[in-house]
There are 2 protein chains.
Amino acid sequence: MITQPHDHIVKSHDDERQRLKGELLRMGEMAAAQLEAALDVVERRDDKAAERIVGNDEAIDALEHEISQDVMKLALRGPMARDLREILAALRIAADIERIGDYAANVAKRSMALNLSPPLPHTRGLSALGALAVQQARDVFVAYRDDDAVAAQRVRARDADLDAQYTGLFRELLTYMMEDARSITPCTHLLFMAKNIERIGDHATNIAENVWFLVHGDDALPPRDKRDETNTAT
Amino acid sequence: MITQPHDHIVKSHDDERQRLKGELLRMGEMAAAQLEAALDVVERRDDKAAERIVGNDEAIDALEHEISQDVMKLALRGPMARDLREILAALRIAADIERIGDYAANVAKRSMALNLSPPLPHTRGLSALGALAVQQARDVFVAYRDDDAVAAQRVRARDADLDAQYTGLFRELLTYMMEDARSITPCTHLLFMAKNIERIGDHATNIAENVWFLVHGDDALPPRDKRDETNTAT
């Protein structure tokens with residue numbers, strides 16, 4: 001069979017996509033691993049490990065910087081230029097992963113402040129919330145890997161569970177604070193850590209929406225409930 | 001004088017830049033005005049106005065979507081393609097402004113929850129913090145308008161003041177919570193509102209860094225202290 005010039009362009013475009021996807025997935029796995037490690041140091045009260053996690057975040061930031069430059073260079077020079085969607089989606093997904101990494105590092109940072117107070121019994125809820133966020137992140141990366149808009153839509157729908165769990169934890173923490181004034185400072189850290197995890201869920205949702213956008217373009221996504229309900233807590 | 005083809009390209013590139021800048025500045029002013037309005041409704045305890053602010057946020061989101069599509073179309077078709085920096089900076093600045101709008105809407109949303117409790121004497125600190133953030137946002141938009149990397153660097157340096165004021169307010173709010181358990185829920189809302197405003201300052205800083213990047217490329221920025229210090233509060 002004789003290779004047509006057209007085939008060559010298609011192939012090189014596919015190669016580019018695959019390479020870019022590989023980079024983004026590697027960045028995504030780094031961010032998910034950071035979050036897992038951050039949840040682990042909260043349980044283990046391990047300041048040294050927390051510092052390492054905070055330090056690792058720079059590598060994710062650097063990767064985002066590199067990827068966004070690469071995407072644009074590819075886009076402007078190569079066959080990707082014809083596909084605006086891919087470029088925008090890749091840039092946005094890289095930015096969302098970078099934010100997930102930031103929030104994971106914040107959880108690790110606050111765990112160090114938490115370790116200055118006696119151990120709290122209230123970190124279990126945080127672990128459960130965090131585990132859900134790790135799952136959401138990993139699931140959306142798989143959906144992106146497979147161009148699977150249906151799986152992405154499932155991740156997006158499941159964000160409501162994460163929000164509900166966050167709202168429950170938020171209210172629970174408020175009651176501990178009311179019962180014992182000494183728990184106010186550590187529980188405030190837990191509130192912010194929970195909020196960081198809830199935001200990670202939002203970024204997983206953003207990535208899910210970009211996978212949808214990649215597959216279907218600007219076709220309307222099914223509507224979805226809004227997120228953080230704690231702003232109506234009284 | 002005979003117009004050279006080269007002049008024509010330069011002119012059209014400048015026109016494009018100016019148009020894009022105009023759009024981004026308009027979006028920026030919308031976000032700054034939203035933040036001002038949100039701070040105002042906190043003081044006035046005006047739920048109706050708060051709802052309007054939350055509703056307005058969609059217009060900013062839509063504008064970001066439009067601008068990022070426009071930027072990419074211009075980039076891929078027009079003479080802007082030669083300037084990777086401008087494209088990346090415009091996309092990032094639009095995303096940062098969109099986030100500023102989100103945080104302003106969050107402040108408005110939480111003000112409604114705050115209005116369910118009796119008035120607190122502690123909203124003055126929030127207003128002052130918010131006014132500083134509005135100033136930072138407006139100053140960085142002017143720096144962007146004028147391609148003024150020095151002014152941008154000043155905004156970036158001043159973020160430390162905003163962070164210090166945020167840290168002070170955070171600690172102050174903790175003491176009110178410890179003194180009176182009934183203030184825990186409203187003060188928690190104020191803590192999150194303060195955090196939203198602190199994050200707006202971070203996004204103004206990001207924009208400042210993009211103005212620097214626009215003018216100087218990847219030349220190293222002077223180093224800067226890290227932000228939120230409340231994660232070390234004990």
# chains A, B, ... in the order shown; residues from 1 in each chain; ligands from 1
>>> closest_atom_pairs(of="chain A", to="chain B", cutoff="10 Å", atoms="only C-alpha atoms", output="Markdown table")
| residue | atom | partner | partner_atom | distance |
| --- | --- | --- | --- | --- |
| A:Ser68 | CA | B:Leu88 | CA | 8.0 |
| A:Gln69 | CA | B:Leu88 | CA | 8.0 |
| A:Met72 | CA | B:Leu84 | CA | 6.9 |
| A:Lys73 | CA | B:Leu84 | CA | 7.5 |
| A:Ala75 | CA | B:Leu76 | CA | 7.9 |
| A:Leu76 | CA | B:Ala81 | CA | 6.4 |
| A:Arg77 | CA | B:Ala81 | CA | 9.1 |
| A:Ala81 | CA | B:Leu76 | CA | 6.4 |
| A:Arg82 | CA | B:Leu76 | CA | 8.2 |
| A:Asp83 | CA | B:Leu76 | CA | 9.7 |
| A:Leu84 | CA | B:Met72 | CA | 6.9 |
| A:Arg85 | CA | B:Gln69 | CA | 9.0 |
| A:Ile87 | CA | B:Met72 | CA | 8.6 |
| A:Leu88 | CA | B:Met72 | CA | 7.9 |
| A:Leu91 | CA | B:Leu91 | CA | 9.2 |
| A:Arg92 | CA | B:Ala95 | CA | 9.3 |
| A:Ala95 | CA | B:Arg92 | CA | 9.3 |
| A:Asn106 | CA | B:Asn231 | CA | 8.4 |
| A:Val107 | CA | B:Asn231 | CA | 9.4 |
| A:Ala108 | CA | B:Asn231 | CA | 9.9 |
| A:Lys109 | CA | B:Asn231 | CA | 6.7 |
| A:Arg110 | CA | B:Asn231 | CA | 5.0 |
| A:Ser111 | CA | B:Asn231 | CA | 8.5 |
| A:Met112 | CA | B:Thr232 | CA | 7.5 |
| A:Ala113 | CA | B:Thr232 | CA | 5.0 |
| A:Leu114 | CA | B:Thr234 | CA | 7.9 |
| A:Asn115 | CA | B:Thr234 | CA | 9.4 |
| A:Leu116 | CA | B:Thr234 | CA | 6.7 |
| A:Ser117 | CA | B:Thr234 | CA | 7.3 |
| A:Arg171 | CA | B:Thr185 | CA | 9.2 |
| A:Leu174 | CA | B:Thr185 | CA | 6.9 |
| A:Thr175 | CA | B:Ile184 | CA | 9.2 |
| A:Met177 | CA | B:Ile184 | CA | 7.4 |
| A:Met178 | CA | B:Ala181 | CA | 5.2 |
| A:Glu179 | CA | B:Ala181 | CA | 8.1 |
| A:Asp180 | CA | B:Ala181 | CA | 8.8 |
| A:Ala181 | CA | B:Met178 | CA | 5.2 |
| A:Arg182 | CA | B:Met178 | CA | 7.6 |
| A:Ser183 | CA | B:Met178 | CA | 9.2 |
| A:Ile184 | CA | B:Met178 | CA | 6.9 |
| A:Thr185 | CA | B:Thr234 | CA | 6.4 |
| A:Pro186 | CA | B:Thr234 | CA | 7.4 |
| A:Thr188 | CA | B:Thr188 | CA | 8.0 |
| A:His189 | CA | B:Asn231 | CA | 7.0 |
| A:Leu191 | CA | B:Thr188 | CA | 8.9 |
| A:Phe192 | CA | B:Phe192 | CA | 8.3 |
| A:Met193 | CA | B:Asn231 | CA | 9.8 |
| A:Lys195 | CA | B:Phe192 | CA | 9.4 |
| A:Asp228 | CA | B:Asn106 | CA | 9.9 |
| A:Glu229 | CA | B:Arg110 | CA | 10.0 |
| A:Thr230 | CA | B:Arg110 | CA | 8.7 |
| A:Asn231 | CA | B:Arg110 | CA | 5.0 |
| A:Thr232 | CA | B:Ala113 | CA | 4.9 |
| A:Ala233 | CA | B:Ala113 | CA | 6.6 |
| A:Thr234 | CA | B:Thr185 | CA | 6.3 |
>>> residues_around(residues="A:Gln165", least_positions_apart="4", cutoff="7 Å", atoms="only C-alpha atoms", output="list in words")
Leu129, Asp161 and Leu169 of chain A
>>> write_last_selection(atoms="N, CA and C atoms", output="PDB file, in the first residue's frame")
ATOM      1  N   LEU A 129     -13.540  12.114  52.608  1.00  0.00           N
ATOM      2  CA  LEU A 129     -13.781  13.134  51.578  1.00  0.00           C
ATOM      3  C   LEU A 129     -12.628  13.138  50.575  1.00  0.00           C
ATOM      4  N   ASP A 161     -22.119  14.123  45.112  1.00  0.00           N
ATOM      5  CA  ASP A 161     -21.858  13.306  46.311  1.00  0.00           C
ATOM      6  C   ASP A 161     -20.732  13.924  47.134  1.00  0.00           C
ATOM      7  N   LEU A 169     -19.497  17.357  56.533  1.00  0.00           N
ATOM      8  CA  LEU A 169     -18.281  17.517  57.329  1.00  0.00           C
ATOM      9  C   LEU A 169     -18.170  18.947  57.880  1.00  0.00           C
TER      10      LEU A 169
END
>>> residues_around(residues="stretch 25-40 of chain A", least_positions_apart="5", cutoff="10 Å", atoms="only C-alpha atoms", output="PyMOL selection string")
chain A and resi 19-20+45-46+49-54+56-57+59-61+63-64+67+93-94+96-111+123+126-131+133-138+140-142+144-145+193+197+200
>>> select_by_dssp(residues="stretch 82-138 of chain B", states="alpha helix (DSSP H)", output="PDB file with N, CA, C and O atoms, in the first residue's frame")
ATOM      1  N   LEU B  84       3.709  33.867  20.521  1.00  0.00           N
ATOM      2  CA  LEU B  84       3.221  32.908  21.485  1.00  0.00           C
ATOM      3  C   LEU B  84       2.907  33.547  22.842  1.00  0.00           C
ATOM      4  O   LEU B  84       1.919  33.216  23.492  1.00  0.00           O
ATOM      5  N   ARG B  85       3.752  34.471  23.232  1.00  0.00           N
ATOM      6  CA  ARG B  85       3.603  35.116  24.542  1.00  0.00           C
ATOM      7  C   ARG B  85       2.267  35.809  24.692  1.00  0.00           C
ATOM      8  O   ARG B  85       1.600  35.694  25.719  1.00  0.00           O
ATOM      9  N   GLU B  86       1.884  36.560  23.657  1.00  0.00           N
ATOM     10  CA  GLU B  86       0.643  37.327  23.739  1.00  0.00           C
ATOM     11  C   GLU B  86      -0.564  36.413  23.891  1.00  0.00           C
ATOM     12  O   GLU B  86      -1.498  36.714  24.621  1.00  0.00           O
ATOM     13  N   ILE B  87      -0.512  35.304  23.161  1.00  0.00           N
ATOM     14  CA  ILE B  87      -1.645  34.388  23.177  1.00  0.00           C
ATOM     15  C   ILE B  87      -1.781  33.758  24.562  1.00  0.00           C
ATOM     16  O   ILE B  87      -2.852  33.771  25.170  1.00  0.00           O
ATOM     17  N   LEU B  88      -0.663  33.214  25.035  1.00  0.00           N
ATOM     18  CA  LEU B  88      -0.694  32.564  26.343  1.00  0.00           C
ATOM     19  C   LEU B  88      -1.069  33.551  27.435  1.00  0.00           C
ATOM     20  O   LEU B  88      -1.865  33.245  28.315  1.00  0.00           O
ATOM     21  N   ALA B  89      -0.494  34.752  27.379  1.00  0.00           N
ATOM     22  CA  ALA B  89      -0.789  35.754  28.407  1.00  0.00           C
ATOM     23  C   ALA B  89      -2.266  36.132  28.378  1.00  0.00           C
ATOM     24  O   ALA B  89      -2.911  36.214  29.423  1.00  0.00           O
ATOM     25  N   ALA B  90      -2.814  36.327  27.194  1.00  0.00           N
ATOM     26  CA  ALA B  90      -4.225  36.720  27.100  1.00  0.00           C
ATOM     27  C   ALA B  90      -5.132  35.623  27.650  1.00  0.00           C
ATOM     28  O   ALA B  90      -6.080  35.907  28.397  1.00  0.00           O
ATOM     29  N   LEU B  91      -4.833  34.372  27.306  1.00  0.00           N
ATOM     30  CA  LEU B  91      -5.654  33.262  27.809  1.00  0.00           C
ATOM     31  C   LEU B  91      -5.581  33.173  29.327  1.00  0.00           C
ATOM     32  O   LEU B  91      -6.582  32.970  30.010  1.00  0.00           O
ATOM     33  N   ARG B  92      -4.379  33.353  29.852  1.00  0.00           N
ATOM     34  CA  ARG B  92      -4.218  33.235  31.308  1.00  0.00           C
ATOM     35  C   ARG B  92      -4.854  34.409  32.038  1.00  0.00           C
ATOM     36  O   ARG B  92      -5.461  34.237  33.094  1.00  0.00           O
ATOM     37  N   ILE B  93      -4.707  35.594  31.476  1.00  0.00           N
ATOM     38  CA  ILE B  93      -5.303  36.768  32.127  1.00  0.00           C
ATOM     39  C   ILE B  93      -6.834  36.633  32.136  1.00  0.00           C
ATOM     40  O   ILE B  93      -7.483  36.911  33.147  1.00  0.00           O
ATOM     41  N   ALA B  94      -7.388  36.173  31.019  1.00  0.00           N
ATOM     42  CA  ALA B  94      -8.846  35.988  30.972  1.00  0.00           C
ATOM     43  C   ALA B  94      -9.283  34.986  32.050  1.00  0.00           C
ATOM     44  O   ALA B  94     -10.285  35.208  32.741  1.00  0.00           O
ATOM     45  N   ALA B  95      -8.520  33.902  32.217  1.00  0.00           N
ATOM     46  CA  ALA B  95      -8.876  32.896  33.228  1.00  0.00           C
ATOM     47  C   ALA B  95      -8.764  33.487  34.634  1.00  0.00           C
ATOM     48  O   ALA B  95      -9.599  33.212  35.498  1.00  0.00           O
ATOM     49  N   ASP B  96      -7.745  34.310  34.869  1.00  0.00           N
ATOM     50  CA  ASP B  96      -7.591  34.929  36.196  1.00  0.00           C
ATOM     51  C   ASP B  96      -8.738  35.898  36.488  1.00  0.00           C
ATOM     52  O   ASP B  96      -9.245  35.934  37.611  1.00  0.00           O
ATOM     53  N   ILE B  97      -9.137  36.659  35.498  1.00  0.00           N
ATOM     54  CA  ILE B  97     -10.258  37.590  35.713  1.00  0.00           C
ATOM     55  C   ILE B  97     -11.536  36.808  36.000  1.00  0.00           C
ATOM     56  O   ILE B  97     -12.320  37.168  36.873  1.00  0.00           O
ATOM     57  N   GLU B  98     -11.690  35.695  35.286  1.00  0.00           N
ATOM     58  CA  GLU B  98     -12.882  34.860  35.512  1.00  0.00           C
ATOM     59  C   GLU B  98     -12.907  34.381  36.966  1.00  0.00           C
ATOM     60  O   GLU B  98     -13.950  34.389  37.615  1.00  0.00           O
ATOM     61  N   ARG B  99     -11.752  33.996  37.490  1.00  0.00           N
ATOM     62  CA  ARG B  99     -11.672  33.537  38.884  1.00  0.00           C
ATOM     63  C   ARG B  99     -11.965  34.685  39.856  1.00  0.00           C
ATOM     64  O   ARG B  99     -12.613  34.488  40.882  1.00  0.00           O
ATOM     65  N   ILE B 100     -11.483  35.879  39.550  1.00  0.00           N
ATOM     66  CA  ILE B 100     -11.773  37.033  40.412  1.00  0.00           C
ATOM     67  C   ILE B 100     -13.291  37.238  40.474  1.00  0.00           C
ATOM     68  O   ILE B 100     -13.851  37.450  41.555  1.00  0.00           O
ATOM     69  N   GLY B 101     -13.940  37.124  39.326  1.00  0.00           N
ATOM     70  CA  GLY B 101     -15.397  37.244  39.288  1.00  0.00           C
ATOM     71  C   GLY B 101     -16.069  36.174  40.149  1.00  0.00           C
ATOM     72  O   GLY B 101     -17.007  36.464  40.895  1.00  0.00           O
ATOM     73  N   ASP B 102     -15.565  34.944  40.061  1.00  0.00           N
ATOM     74  CA  ASP B 102     -16.116  33.843  40.874  1.00  0.00           C
ATOM     75  C   ASP B 102     -16.010  34.147  42.365  1.00  0.00           C
ATOM     76  O   ASP B 102     -16.961  33.934  43.118  1.00  0.00           O
ATOM     77  N   TYR B 103     -14.847  34.598  42.777  1.00  0.00           N
ATOM     78  CA  TYR B 103     -14.647  34.875  44.199  1.00  0.00           C
ATOM     79  C   TYR B 103     -15.534  36.031  44.663  1.00  0.00           C
ATOM     80  O   TYR B 103     -16.064  35.993  45.771  1.00  0.00           O
ATOM     81  N   ALA B 104     -15.699  37.035  43.817  1.00  0.00           N
ATOM     82  CA  ALA B 104     -16.596  38.145  44.163  1.00  0.00           C
ATOM     83  C   ALA B 104     -18.019  37.617  44.355  1.00  0.00           C
ATOM     84  O   ALA B 104     -18.705  37.979  45.324  1.00  0.00           O
ATOM     85  N   ALA B 105     -18.444  36.748  43.444  1.00  0.00           N
ATOM     86  CA  ALA B 105     -19.791  36.159  43.560  1.00  0.00           C
ATOM     87  C   ALA B 105     -19.906  35.322  44.840  1.00  0.00           C
ATOM     88  O   ALA B 105     -20.950  35.331  45.496  1.00  0.00           O
ATOM     89  N   ASN B 106     -18.832  34.618  45.199  1.00  0.00           N
ATOM     90  CA  ASN B 106     -18.847  33.840  46.447  1.00  0.00           C
ATOM     91  C   ASN B 106     -19.020  34.734  47.667  1.00  0.00           C
ATOM     92  O   ASN B 106     -19.724  34.375  48.609  1.00  0.00           O
ATOM     93  N   VAL B 107     -18.347  35.878  47.654  1.00  0.00           N
ATOM     94  CA  VAL B 107     -18.488  36.827  48.772  1.00  0.00           C
ATOM     95  C   VAL B 107     -19.950  37.254  48.870  1.00  0.00           C
ATOM     96  O   VAL B 107     -20.533  37.268  49.961  1.00  0.00           O
ATOM     97  N   ALA B 108     -20.557  37.557  47.734  1.00  0.00           N
ATOM     98  CA  ALA B 108     -21.969  37.965  47.727  1.00  0.00           C
ATOM     99  C   ALA B 108     -22.861  36.835  48.249  1.00  0.00           C
ATOM    100  O   ALA B 108     -23.780  37.061  49.039  1.00  0.00           O
ATOM    101  N   LYS B 109     -22.553  35.595  47.819  1.00  0.00           N
ATOM    102  CA  LYS B 109     -23.354  34.449  48.220  1.00  0.00           C
ATOM    103  C   LYS B 109     -23.290  34.248  49.741  1.00  0.00           C
ATOM    104  O   LYS B 109     -24.296  34.057  50.400  1.00  0.00           O
ATOM    105  N   ARG B 110     -22.075  34.315  50.276  1.00  0.00           N
ATOM    106  CA  ARG B 110     -21.929  34.118  51.720  1.00  0.00           C
ATOM    107  C   ARG B 110     -22.543  35.272  52.518  1.00  0.00           C
ATOM    108  O   ARG B 110     -22.929  35.085  53.668  1.00  0.00           O
ATOM    109  N   SER B 111     -22.628  36.451  51.918  1.00  0.00           N
ATOM    110  CA  SER B 111     -23.240  37.573  52.649  1.00  0.00           C
ATOM    111  C   SER B 111     -24.704  37.258  52.965  1.00  0.00           C
ATOM    112  O   SER B 111     -25.230  37.686  53.982  1.00  0.00           O
ATOM    113  N   MET B 112     -25.326  36.477  52.082  1.00  0.00           N
ATOM    114  CA  MET B 112     -26.722  36.101  52.336  1.00  0.00           C
ATOM    115  C   MET B 112     -26.816  35.194  53.563  1.00  0.00           C
ATOM    116  O   MET B 112     -27.749  35.311  54.348  1.00  0.00           O
ATOM    117  N   ALA B 113     -25.874  34.270  53.714  1.00  0.00           N
ATOM    118  CA  ALA B 113     -25.849  33.400  54.891  1.00  0.00           C
ATOM    119  C   ALA B 113     -25.600  34.225  56.144  1.00  0.00           C
ATOM    120  O   ALA B 113     -26.191  33.996  57.197  1.00  0.00           O
ATOM    121  N   LEU B 114     -24.718  35.225  55.994  1.00  0.00           N
ATOM    122  CA  LEU B 114     -24.383  36.105  57.112  1.00  0.00           C
ATOM    123  C   LEU B 114     -25.624  36.879  57.582  1.00  0.00           C
ATOM    124  O   LEU B 114     -25.784  37.144  58.774  1.00  0.00           O
ATOM    125  N   THR B 123     -17.290  43.055  60.431  1.00  0.00           N
ATOM    126  CA  THR B 123     -17.231  43.116  58.979  1.00  0.00           C
ATOM    127  C   THR B 123     -16.357  44.271  58.487  1.00  0.00           C
ATOM    128  O   THR B 123     -16.044  44.342  57.316  1.00  0.00           O
ATOM    129  N   ARG B 124     -15.972  45.160  59.415  1.00  0.00           N
ATOM    130  CA  ARG B 124     -15.116  46.288  59.018  1.00  0.00           C
ATOM    131  C   ARG B 124     -13.781  45.814  58.436  1.00  0.00           C
ATOM    132  O   ARG B 124     -13.319  46.325  57.422  1.00  0.00           O
ATOM    133  N   GLY B 125     -13.176  44.843  59.109  1.00  0.00           N
ATOM    134  CA  GLY B 125     -11.897  44.303  58.632  1.00  0.00           C
ATOM    135  C   GLY B 125     -12.025  43.711  57.241  1.00  0.00           C
ATOM    136  O   GLY B 125     -11.127  43.837  56.416  1.00  0.00           O
ATOM    137  N   LEU B 126     -13.180  43.074  56.996  1.00  0.00           N
ATOM    138  CA  LEU B 126     -13.409  42.483  55.679  1.00  0.00           C
ATOM    139  C   LEU B 126     -13.494  43.571  54.606  1.00  0.00           C
ATOM    140  O   LEU B 126     -12.933  43.420  53.517  1.00  0.00           O
ATOM    141  N   SER B 127     -14.174  44.670  54.922  1.00  0.00           N
ATOM    142  CA  SER B 127     -14.284  45.772  53.961  1.00  0.00           C
ATOM    143  C   SER B 127     -12.913  46.321  53.600  1.00  0.00           C
ATOM    144  O   SER B 127     -12.630  46.602  52.433  1.00  0.00           O
ATOM    145  N   ALA B 128     -12.081  46.499  54.638  1.00  0.00           N
ATOM    146  CA  ALA B 128     -10.743  47.060  54.397  1.00  0.00           C
ATOM    147  C   ALA B 128      -9.929  46.117  53.515  1.00  0.00           C
ATOM    148  O   ALA B 128      -9.269  46.546  52.560  1.00  0.00           O
ATOM    149  N   LEU B 129      -9.998  44.831  53.842  1.00  0.00           N
ATOM    150  CA  LEU B 129      -9.284  43.823  53.044  1.00  0.00           C
ATOM    151  C   LEU B 129      -9.789  43.841  51.600  1.00  0.00           C
ATOM    152  O   LEU B 129      -9.007  43.812  50.644  1.00  0.00           O
ATOM    153  N   GLY B 130     -11.103  43.902  51.464  1.00  0.00           N
ATOM    154  CA  GLY B 130     -11.706  43.910  50.134  1.00  0.00           C
ATOM    155  C   GLY B 130     -11.313  45.138  49.327  1.00  0.00           C
ATOM    156  O   GLY B 130     -11.033  45.042  48.127  1.00  0.00           O
ATOM    157  N   ALA B 131     -11.266  46.299  49.996  1.00  0.00           N
ATOM    158  CA  ALA B 131     -10.904  47.535  49.300  1.00  0.00           C
ATOM    159  C   ALA B 131      -9.482  47.431  48.743  1.00  0.00           C
ATOM    160  O   ALA B 131      -9.196  47.874  47.628  1.00  0.00           O
ATOM    161  N   LEU B 132      -8.606  46.806  49.525  1.00  0.00           N
ATOM    162  CA  LEU B 132      -7.223  46.597  49.071  1.00  0.00           C
ATOM    163  C   LEU B 132      -7.188  45.691  47.833  1.00  0.00           C
ATOM    164  O   LEU B 132      -6.440  45.946  46.874  1.00  0.00           O
ATOM    165  N   ALA B 133      -8.020  44.665  47.845  1.00  0.00           N
ATOM    166  CA  ALA B 133      -8.059  43.734  46.706  1.00  0.00           C
ATOM    167  C   ALA B 133      -8.599  44.424  45.453  1.00  0.00           C
ATOM    168  O   ALA B 133      -8.095  44.198  44.345  1.00  0.00           O
ATOM    169  N   VAL B 134      -9.635  45.265  45.633  1.00  0.00           N
ATOM    170  CA  VAL B 134     -10.174  46.020  44.489  1.00  0.00           C
ATOM    171  C   VAL B 134      -9.067  46.889  43.900  1.00  0.00           C
ATOM    172  O   VAL B 134      -8.871  46.947  42.678  1.00  0.00           O
ATOM    173  N   GLN B 135      -8.320  47.557  44.782  1.00  0.00           N
ATOM    174  CA  GLN B 135      -7.226  48.416  44.343  1.00  0.00           C
ATOM    175  C   GLN B 135      -6.176  47.620  43.573  1.00  0.00           C
ATOM    176  O   GLN B 135      -5.710  48.043  42.506  1.00  0.00           O
ATOM    177  N   GLN B 136      -5.808  46.458  44.104  1.00  0.00           N
ATOM    178  CA  GLN B 136      -4.810  45.609  43.438  1.00  0.00           C
ATOM    179  C   GLN B 136      -5.290  45.207  42.039  1.00  0.00           C
ATOM    180  O   GLN B 136      -4.516  45.243  41.080  1.00  0.00           O
ATOM    181  N   ALA B 137      -6.574  44.840  41.968  1.00  0.00           N
ATOM    182  CA  ALA B 137      -7.120  44.418  40.668  1.00  0.00           C
ATOM    183  C   ALA B 137      -7.082  45.590  39.683  1.00  0.00           C
ATOM    184  O   ALA B 137      -6.577  45.466  38.566  1.00  0.00           O
ATOM    185  N   ARG B 138      -7.564  46.757  40.125  1.00  0.00           N
ATOM    186  CA  ARG B 138      -7.605  47.901  39.198  1.00  0.00           C
ATOM    187  C   ARG B 138      -6.191  48.306  38.782  1.00  0.00           C
ATOM    188  O   ARG B 138      -5.955  48.636  37.620  1.00  0.00           O
TER     189      ARG B 138
END
>>> atom_distance(atom1="atom CA of A:Val211", atom2="atom CA of A:Ala151")
9.4 Å
>>> closest_residue(among="B:Tyr176, B:Ala208, B:Glu43, B:Leu120", to="B:Val150", atoms="only C-alpha atoms")
B:Ala208
>>> atom_distance(atom1="atom CA of B:Glu209", atom2="atom CA of A:His65")
13.1 Å
>>> atom_distance(atom1="atom CA of B:Ala204", atom2="atom CA of B:Arg156")
7.6 Å
